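Peer 1: This is the structure I have questions about; it appears just below.
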Amino acid sequence: MFRKMRRFKQELSQNECIELLTNEKRGVLSVIGDDGYPYGIPLNHYYDKENNCVYFHGAKEGHKVDAITANNKVSYCVVEKGKKRENHWSYDVRSVIIFGKASFVTDLEECKRIASAIWWKFGTDEKELEEELKNSLSRVLCLRVDIEHMTGKIVNES
């Protein structure tokens, strides 16, 4: 069902893919949008290793929500900043892409857990988190993508 990586010598291990999903803060979620056009949106994420899924949060309505309601197959791509090669202009960059099916999380306590996990990737203050949850949680929709396939690779830009 999913293609094998063509440039297999550059393929990352599953552990390296998980490390990228865990440590990187953002990626691009791609859905099948209006009139069959792809629609990609940059999002913050939280990788749940125990359940092998990725969580997101966002508005309760809009293009992303409409697209997922119509077709829940999605992909999500994370690319790290990369490391500059010594004495050279190019970078080595690792990326991971997942394919899976998206679903909406409706349980308020679960949404609070997800939003908090995403928040901790950026914040360090418990009081700030509580204030953010108090002011915003009622307006948040959480999304879960169960990973069906995951690949990663390292690319040298030169």
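Every chain in the structure tokens has a letter given in the order shown (A, B, ...), and although residue numbers restart at 1 in each chain, ligands are simply numbered from 1 in the order shown.
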Just the residues within 10 Å of Asn52 in chain A, please, counting only C-alpha atoms, with nothing from its chain fewer than 3 positions along; format it as a PyMOL selection string.
Peer 2: chain A and resi 18+47-49+145-148
Peer 1: I'd like the neighbourhood of range 112-126 of chain A as a list of chain:residue names, where a residue qualifies if any of its atoms comes within 8 Å (using only C-alpha atoms), though same-chain residues fewer than 5 positions away should be ignored.
Peer 2: A:Lys25, A:Asn44, A:His45, A:Tyr46, A:Tyr55, A:Phe56, A:His57, A:Leu133, A:Leu137, A:Cys142
Peer 1: Using only C-alpha atoms, please write the residues we just selected to a file, as a JSON list (two decimals), in the first residue's frame.
Peer 2:
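Result file follows (again.json):
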```
[["chain", "number", "residue", "atom", "x", "y", "z"],
["A", 25, "LYS", "CA", 7.97, 21.34, 17.43],
["A", 44, "ASN", "CA", 2.55, 22.32, 16.34],
["A", 45, "HIS", "CA", 2.32, 18.69, 17.38],
["A", 46, "TYR", "CA", 2.76, 16.20, 20.18],
["A", 55, "TYR", "CA", -1.88, 15.07, 18.25],
["A", 56, "PHE", "CA", -2.64, 18.61, 17.12],
["A", 57, "HIS", "CA", -4.91, 21.41, 18.26],
["A", 133, "LEU", "CA", -6.25, 26.57, 29.25],
["A", 137, "LEU", "CA", -9.61, 25.36, 25.89],
["A", 142, "CYS", "CA", -7.95, 18.45, 19.11]]
```
Peer 1: Identify, on the basis of only C-alpha atoms, every residue whose closest approach to Met1 in chain A does not exceed 10 Å; exclude the query and any residue fewer than 2 positions from it along the same chain; express the result as a short mmCIF file (atom, residue, chain, number, x, y, z; two decimals) with C-alpha atoms, in the first residue's frame.
Peer 2:
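That gives us result.cif:
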```
data_model
loop_
_atom_site.label_atom_id
_atom_site.label_comp_id
_atom_site.auth_asym_id
_atom_site.auth_seq_id
_atom_site.Cartn_x
_atom_site.Cartn_y
_atom_site.Cartn_z
CA ARG A 3 5.83 2.88 -1.34
CA LYS A 4 9.28 1.79 -0.26
CA HIS A 149 3.18 4.33 7.89
#
```
Peer 1: With distances taken over only C-alpha atoms, which residue among A:Tyr39, A:Tyr76, A:Asn71, A:Lys60 lies nearest Gly27 in chain A?
Peer 2: A:Tyr76
Peer 1: Fewer than 6 positions away in the same chain doesn't count, so skip those; otherwise give me all residues within 12 Å of Lys9 in chain A, counting only C-alpha atoms, as a list in words.
Peer 2: Gly152, Lys153, Ile154 and Val155 of chain A
Peer 1: Show me, as a tab-separated table, the residues of range 29-98 of chain A having an atom within 9 Å of range 102-109 of chain A, each with the closest atom pair and its distance in Å, using only C-alpha atoms.
Peer 2:
```
residue	atom	partner	partner_atom	distance
A:Val65	CA	A:Phe104	CA	8.9
A:Ile68	CA	A:Ala102	CA	6.9
A:Thr69	CA	A:Ser103	CA	8.6
A:Asn71	CA	A:Ala102	CA	8.8
A:Asn72	CA	A:Ala102	CA	5.1
A:Lys73	CA	A:Ala102	CA	6.4
A:Val74	CA	A:Ala102	CA	6.7
```
Peer 1: Of the candidates A:Ile41, A:Asn156, A:Val140, A:Gln10, which one gets nearest to Val93 in chain A if we count only C-alpha atoms?
Peer 2: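 Closest candidate: A:Asn156.
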Peer 1: Find, counting only C-alpha atoms, the residue in A:Val96, A:Val79, A:Ala67, A:Val28 that gets nearest to Glu16 in chain A.
Peer 2: A:Val96
Peer 1: Run DSSP on the backbone and tell me which residues of range 10-131 of chain A come out as alpha helix (DSSP H); list them as a PyMOL selection string.
Peer 2: chain A and resi 14-23+63-70+108-120+126-131
Peer 1: Residues of range 109-155 of chain A in strand (DSSP E or B) according to DSSP, as a list of chain:residue names?
Peer 2: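 Of range 109-155 of chain A, only A:Val140, A:Leu141, A:Cys142, A:Leu143, A:Arg144, A:Val145, A:Asp146, A:Ile147, A:Glu148, A:His149, A:Met150, A:Thr151, A:Gly152, A:Lys153, A:Ile154, A:Val155 fall in strand (DSSP E or B).
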Peer 1: Please produce an output containing C-alpha atoms for each residue in the selection, written as a PDB file, in the first residue's frame.
Peer 2:
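As written to disk, again38.pdb reads:
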```pdb
ATOM      1  CA  VAL A 140      -9.937  24.288  20.846  1.00  0.00           C
ATOM      2  CA  LEU A 141     -10.476  21.236  18.683  1.00  0.00           C
ATOM      3  CA  CYS A 142      -7.950  18.452  19.111  1.00  0.00           C
ATOM      4  CA  LEU A 143      -7.013  16.108  16.329  1.00  0.00           C
ATOM      5  CA  ARG A 144      -5.427  12.664  16.514  1.00  0.00           C
ATOM      6  CA  VAL A 145      -3.589  11.007  13.647  1.00  0.00           C
ATOM      7  CA  ASP A 146      -3.021   7.287  14.064  1.00  0.00           C
ATOM      8  CA  ILE A 147       0.179   6.443  12.234  1.00  0.00           C
ATOM      9  CA  GLU A 148      -0.170   3.763   9.573  1.00  0.00           C
ATOM     10  CA  HIS A 149       3.184   4.326   7.889  1.00  0.00           C
ATOM     11  CA  MET A 150       6.277   6.344   8.791  1.00  0.00           C
ATOM     12  CA  THR A 151       9.521   6.948   6.964  1.00  0.00           C
ATOM     13  CA  GLY A 152      12.399   9.318   7.417  1.00  0.00           C
ATOM     14  CA  LYS A 153      15.529  10.232   5.578  1.00  0.00           C
ATOM     15  CA  ILE A 154      18.643  12.330   5.744  1.00  0.00           C
ATOM     16  CA  VAL A 155      19.396  14.555   2.795  1.00  0.00           C
TER      17      VAL A 155
END
```
Peer 1: By how many Å are CA of Glu110 in chain A and CA of Ile32 in chain A apart?
Peer 2: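 Atom-to-atom, CA of Glu110 in chain A and CA of Ile32 in chain A are spaced 26.3 Å apart.
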Peer 1: So what do you get for CA of Glu132 in chain A versus CA of Leu43 in chain A, distance-wise?
Peer 2: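 We find that CA of Glu132 in chain A and CA of Leu43 in chain A lie 17.7 Å from each other.
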Peer 1: One decimal, in Å: what's the spacing between CA of Cys111 in chain A and CA of Arg139 in chain A?
Peer 2: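 Interatomic distance here is 10.7 Å.
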